Structures are given as structure tokens and as C-alpha cells.
file coords.tsv (TSV, C-alpha atoms)
chain	number	residue	atom	x	y	z
A	1464	MET	CA	27.79	-38.88	0.09
A	1465	ASP	CA	28.22	-35.97	-2.33
A	1466	LYS	CA	24.58	-36.36	-3.38
A	1467	ASN	CA	23.51	-35.95	0.25
A	1468	TYR	CA	25.32	-32.59	0.53
A	1469	GLU	CA	23.66	-31.34	-2.64
A	1470	GLU	CA	20.28	-32.33	-1.25
A	1471	ILE	CA	20.99	-30.58	2.06
A	1472	TYR	CA	22.24	-27.52	0.16
A	1473	SER	CA	19.10	-27.32	-2.01
A	1474	LYS	CA	16.81	-27.88	0.98
A	1475	MET	CA	18.62	-25.18	2.94
A	1476	LEU	CA	18.29	-22.69	0.07
A	1477	GLU	CA	14.64	-23.61	-0.38
A	1478	PHE	CA	14.01	-23.17	3.34
A	1479	GLU	CA	15.75	-19.78	3.36
A	1480	ALA	CA	13.80	-18.58	0.31
A	1481	HIS	CA	10.56	-19.70	1.95
A	1482	GLN	CA	11.47	-17.96	5.22
A	1483	HIS	CA	12.47	-14.80	3.36
A	1484	ALA	CA	9.12	-14.78	1.50
A	1485	LYS	CA	7.28	-15.25	4.82
A	1486	ASN	CA	9.27	-12.42	6.41
A	1487	TYR	CA	8.50	-10.16	3.45
A	1488	ARG	CA	4.80	-10.91	3.89
A	1489	LYS	CA	5.08	-10.22	7.62
A	1490	ILE	CA	6.63	-6.83	6.86
A	1491	GLN	CA	3.76	-6.00	4.48
A	1492	ILE	CA	1.15	-6.99	7.05
A	1493	GLY	CA	3.04	-5.13	9.79
A	1494	ILE	CA	3.05	-1.92	7.78
A	1495	LYS	CA	-0.69	-2.20	7.13
A	1496	VAL	CA	-1.35	-2.87	10.81
A	1497	ASN	CA	0.92	0.07	11.66
A	1498	ILE	CA	-1.42	2.28	9.66
A	1499	PHE	CA	-4.82	0.92	10.65
A	1500	LEU	CA	-4.53	-0.13	14.30
A	1501	PRO	CA	-3.39	3.27	15.60
A	1502	LEU	CA	-6.08	4.85	13.44
A	1503	VAL	CA	-8.69	2.69	15.17
A	1504	PHE	CA	-7.38	3.72	18.60
A	1505	LEU	CA	-7.38	7.35	17.53
A	1506	LEU	CA	-10.98	7.11	16.32
A	1507	LEU	CA	-11.98	5.36	19.54
A	1508	SER	CA	-10.37	8.12	21.57
A	1509	PHE	CA	-12.61	10.64	19.78
A	1510	ALA	CA	-15.68	8.39	19.99
A	1511	PHE	CA	-15.34	7.95	23.75
A	1512	PRO	CA	-14.08	11.29	25.08
A	1513	ASP	CA	-14.10	10.07	28.68
A	1514	SER	CA	-11.64	7.28	27.78
A	1515	GLY	CA	-9.56	9.41	25.43
A	1516	PHE	CA	-6.37	9.16	27.47
A	1517	PHE	CA	-6.62	5.36	27.64
A	1518	PHE	CA	-7.01	5.02	23.87
A	1519	LEU	CA	-4.24	7.55	23.30
A	1520	MET	CA	-1.92	5.40	25.42
A	1521	LEU	CA	-2.98	2.28	23.48
A	1522	TRP	CA	-2.31	4.19	20.27
A	1523	ILE	CA	1.23	5.10	21.34
A	1524	ILE	CA	1.96	1.62	22.68
A	1525	SER	CA	0.71	0.01	19.46
A	1526	LEU	CA	2.99	2.24	17.36
A	1527	PHE	CA	6.03	1.20	19.42
A	1528	GLY	CA	5.01	-2.45	19.48
A	1529	ILE	CA	4.52	-2.68	15.74
A	1530	ALA	CA	7.78	-0.82	15.09
A	1531	PHE	CA	9.69	-3.25	17.32
A	1532	TYR	CA	8.00	-6.20	15.62
A	1533	LEU	CA	9.02	-4.93	12.17
A	1534	ILE	CA	12.59	-4.36	13.32
A	1535	TYR	CA	12.68	-7.87	14.81
A	1536	VAL	CA	11.46	-9.49	11.58
A	1537	GLU	CA	14.02	-7.60	9.50
A	1538	TYR	CA	16.81	-8.40	11.97
A	1539	ARG	CA	15.95	-12.10	12.04
A	1540	ASP	CA	15.94	-12.21	8.23
A	1541	TYR	CA	19.26	-10.37	8.16
A	1542	LYS	CA	20.83	-12.82	10.62
A	1543	THR	CA	19.58	-15.82	8.63
A	1544	ARG	CA	21.11	-14.45	5.44
A	1545	GLU	CA	24.31	-13.59	7.29
A	1546	LYS	CA	24.63	-17.19	8.49
A	1547	LEU	CA	24.01	-18.53	4.99
A	1548	LEU	CA	26.71	-16.19	3.68
A	1549	GLU	CA	29.05	-17.40	6.43
A	1550	PHE	CA	28.46	-21.04	5.47
A	1551	GLY	CA	28.95	-20.18	1.80
A	1552	LEU	CA	25.42	-21.14	0.83
A	1553	LEU	CA	24.71	-17.67	-0.58
A	1554	ASP	CA	26.90	-15.34	-2.54
A	1555	GLU	CA	27.06	-11.62	-1.77
A	1556	VAL	CA	25.12	-10.72	-4.94
A	1557	SER	CA	22.09	-12.86	-4.18
A	1558	SER	CA	21.94	-11.67	-0.59
A	1559	PHE	CA	19.32	-8.96	-0.34
A	1560	HIS	CA	17.36	-7.57	2.55
A	1561	LEU	CA	13.65	-7.09	2.95
A	1562	MET	CA	13.98	-3.33	2.81
A	1563	GLY	CA	16.66	-3.26	0.09
A	1564	ASN	CA	20.45	-3.46	0.07
A	1565	SER	CA	21.06	0.23	0.16
A	1566	VAL	CA	19.42	3.57	0.63
A	1567	GLU	CA	19.66	4.17	-3.12
A	1568	GLN	CA	17.63	1.04	-3.85
A	1569	MET	CA	15.02	2.05	-1.29
A	1570	GLU	CA	14.88	5.56	-2.77
A	1571	GLN	CA	14.48	4.09	-6.26
A	1572	ALA	CA	11.68	1.79	-5.08
A	1573	VAL	CA	9.91	4.70	-3.38
A	1574	ASP	CA	10.38	6.90	-6.47
A	1575	ASP	CA	8.99	4.16	-8.71
A	1576	LYS	CA	5.96	3.74	-6.45
A	1577	LEU	CA	5.38	7.51	-6.34
A	1578	ASP	CA	5.61	7.69	-10.14
A	1579	GLU	CA	3.10	4.85	-10.39
A	1580	ILE	CA	0.73	6.63	-7.99
A	1581	GLU	CA	1.12	9.92	-9.87
A	1582	GLN	CA	0.34	8.18	-13.16
A	1583	LYS	CA	-2.80	6.60	-11.67
A	1584	LEU	CA	-3.87	10.00	-10.31
A	1585	GLN	CA	-3.39	11.57	-13.74
A	1586	GLU	CA	-5.47	8.81	-15.33
A	1587	GLU	CA	-8.19	9.25	-12.73
A	1588	LYS	CA	-8.15	13.03	-13.22
A	1589	LYS	CA	-8.43	12.60	-16.98
A	1590	SER	CA	-11.31	10.15	-16.53
A	1591	HIS	CA	-12.98	12.53	-14.07
A	1592	ASP	CA	-12.54	15.48	-16.44
A	1593	GLU	CA	-14.08	13.46	-19.28
A	1594	LYS	CA	-17.08	12.57	-17.10
A	1595	VAL	CA	-17.53	16.21	-16.07
A	1596	TYR	CA	-17.33	17.33	-19.72
A	1597	ARG	CA	-19.88	14.68	-20.76
A	1598	LEU	CA	-22.25	15.65	-17.92
A	1599	LYS	CA	-21.97	19.35	-18.86
A	1600	LYS	CA	-22.84	18.52	-22.45
A	1601	GLU	CA	-25.80	16.43	-21.31
A	1602	ARG	CA	-26.97	19.23	-19.03
A	1603	GLU	CA	-26.67	21.77	-21.86
A	1604	ALA	CA	-28.66	19.47	-24.13
A	1605	VAL	CA	-31.39	19.05	-21.49
A	1606	ARG	CA	-31.39	22.81	-20.83
A	1607	SER	CA	-31.73	23.69	-24.53
A	1608	GLU	CA	-34.44	21.04	-24.89
A	1609	ARG	CA	-36.39	22.61	-22.02
A	1610	ILE	CA	-35.91	26.08	-23.48
A	1611	GLU	CA	-37.26	24.86	-26.82
A	1612	LYS	CA	-40.23	23.27	-25.03
A	1613	ILE	CA	-40.93	26.51	-23.15
A	1614	LYS	CA	-40.66	28.51	-26.39
A	1615	SER	CA	-43.02	26.16	-28.18
A	1616	ILE	CA	-45.52	26.40	-25.30
A	1617	GLY	CA	-45.18	30.20	-25.40
A	1618	ASP	CA	-45.68	30.27	-29.17
A	1619	LYS	CA	-48.71	27.99	-28.82
A	1620	ASN	CA	-50.19	30.26	-26.10
A	1621	ARG	CA	-49.69	33.35	-28.33
A	1622	GLY	CA	-51.35	31.57	-31.19
A	1623	ASP	CA	-54.39	30.75	-29.02
A	1624	ASN	CA	-54.81	34.42	-28.02
call {"tool": "encode", "arguments": {"input": "coords.tsv", "output": "C-alpha cells"}}
result
Amino acid sequence: MDKNYEEIYSKMLEFEAHQHAKNYRKIQIGIKVNIFLPLVFLLLSFAFPDSGFFFLMLWIISLFGIAFYLIYVEYRDYKTREKLLEFGLLDEVSSFHLMGNSVEQMEQAVDDKLDEIEQKLQEEKKSHDEKVYRLKKEREAVRSERIEKIKSIGDKNRGDN
């Protein structure tokens, strides 16, 4: 009988982990949709000026709809974890939310992402600067080569006269 409870316990934890991973993925997709779908409606409102108001309304409705969907997914995940805590299947330490346990954790995650983006931008800028420097050198070499060619043609023409 004790073996059966352990099996139920492990299956329940496995199910919760799987659901939490699915909810995390839903949040990621929801955020991407929250960026691109309203952008599409906004572009359509400019593309079809006669229907601009209609697409503007769709844009606003889509923003609210996606926001409510994201809140629902987070709330459902929160309630599932709350129930598992209530039944003693999870301890307080392992219980985390899709958006982080606290504001400090969310701030740290955002700061880390911003630092990562800034580092990538610096690398891209350095790479761009190196390309510009190389192209300037190549252009100077081509320019001096042309000047030498023109001088040699000029010297040749003087010698013929």
C-alpha cells in the first residue's frame, strides 16, 4: 500500500512539473503574440485607411484578450501549486511561479537580460567598427592604386610629348 502512495506522489509531481513547463511555454508564446498580433492590426489599419477604426478596435481588443489569457495561465499555475502545497506534495522552497517569486527576482531576471542584450550590442558594435575600419583601408588602398595609375598615365603622356 505504501508503494502505491509513492507512485501516486511521483506521478503527481511529474504531472505538475509537466503542467508548469507547458504553462511557462504558453506564457512565452502569449508574450510573443502580444507583440506581433497588435502590430499586424496596427499595420493593417495604416494599409487600409478606410477600415482604420475597425483594425484599431481589433488591436485594442487583442491587447486585452492576450493580457487576460496571460493572467489566466499564471493564475491557474498558481492555484495548482497552491493545492500541491496544501496537500504537502511541494515544499515552500520548491514552489515558484512562472513570473518569479518576488519582484526582486523579476528585477534580477530583467537586469540579467538587459546586461546580456547590452553585451551583444557591444559585440555587434565592435564587429561593425572593425568592418568599417577594414572597408576604409580597402578604399584607401584602391584610391591610392588609382592615383598611382593616373600618375603613371600622366607620366607616360608627358614622355610621349
call {"tool": "closest_residue", "arguments": {"input": "coords.tsv", "among": "A:Val1573, A:Ile1529, A:Ala1484, A:Met1520", "to": "Leu1500 (chain A)", "atoms": "all atoms listed in the file"}}
result
A:Ile1529
call {"tool": "atom_distance", "arguments": {"input": "coords.tsv", "atom1": "CA of Tyr1472 (chain A)", "atom2": "CA of Tyr1487 (chain A)"}}
result
22.4 Å
call {"tool": "closest_residue", "arguments": {"input": "coords.tsv", "among": "A:Ala1510, A:Ile1534, A:Lys1542, A:Ile1494", "to": "Glu1479 (chain A)", "atoms": "all atoms listed in the file"}}
result
A:Lys1542
call {"tool": "residues_around", "arguments": {"input": "coords.tsv", "residues": "Phe1499 (chain A)", "least_positions_apart": "5", "cutoff": "12 Å", "atoms": "only C-alpha atoms", "output": "ChimeraX atom specification"}}
result
/A:1492-1494,1504-1506,1522,1525-1526,1529
call {"tool": "atom_distance", "arguments": {"input": "coords.tsv", "atom1": "CA of Leu1577 (chain A)", "atom2": "CA of Gln1491 (chain A)"}}
result
17.4 Å
call {"tool": "closest_atom_pairs", "arguments": {"input": "coords.tsv", "of": "region 1499-1596 of chain A", "to": "region 1600-1619 of chain A", "cutoff": "10 Å", "atoms": "all atoms listed in the file", "output": "Markdown table"}}
result
| residue | atom | partner | partner_atom | distance |
| --- | --- | --- | --- | --- |
| A:Lys1594 | CA | A:Lys1600 | CA | 9.9 |
| A:Val1595 | CA | A:Lys1600 | CA | 8.6 |
| A:Tyr1596 | CA | A:Lys1600 | CA | 6.3 |
call {"tool": "atom_distance", "arguments": {"input": "coords.tsv", "atom1": "CA of Ile1524 (chain A)", "atom2": "CA of Asn1486 (chain A)"}}
result
22.7 Å
call {"tool": "closest_residue", "arguments": {"input": "coords.tsv", "among": "A:Ser1590, A:Glu1477, A:Ile1490, A:Gln1571", "to": "Phe1531 (chain A)", "atoms": "all atoms listed in the file"}}
result
A:Ile1490
call {"tool": "closest_residue", "arguments": {"input": "coords.tsv", "among": "A:Ala1572, A:Ala1530, A:Arg1597, A:Thr1543", "to": "Lys1495 (chain A)", "atoms": "all atoms listed in the file"}}
result
A:Ala1530
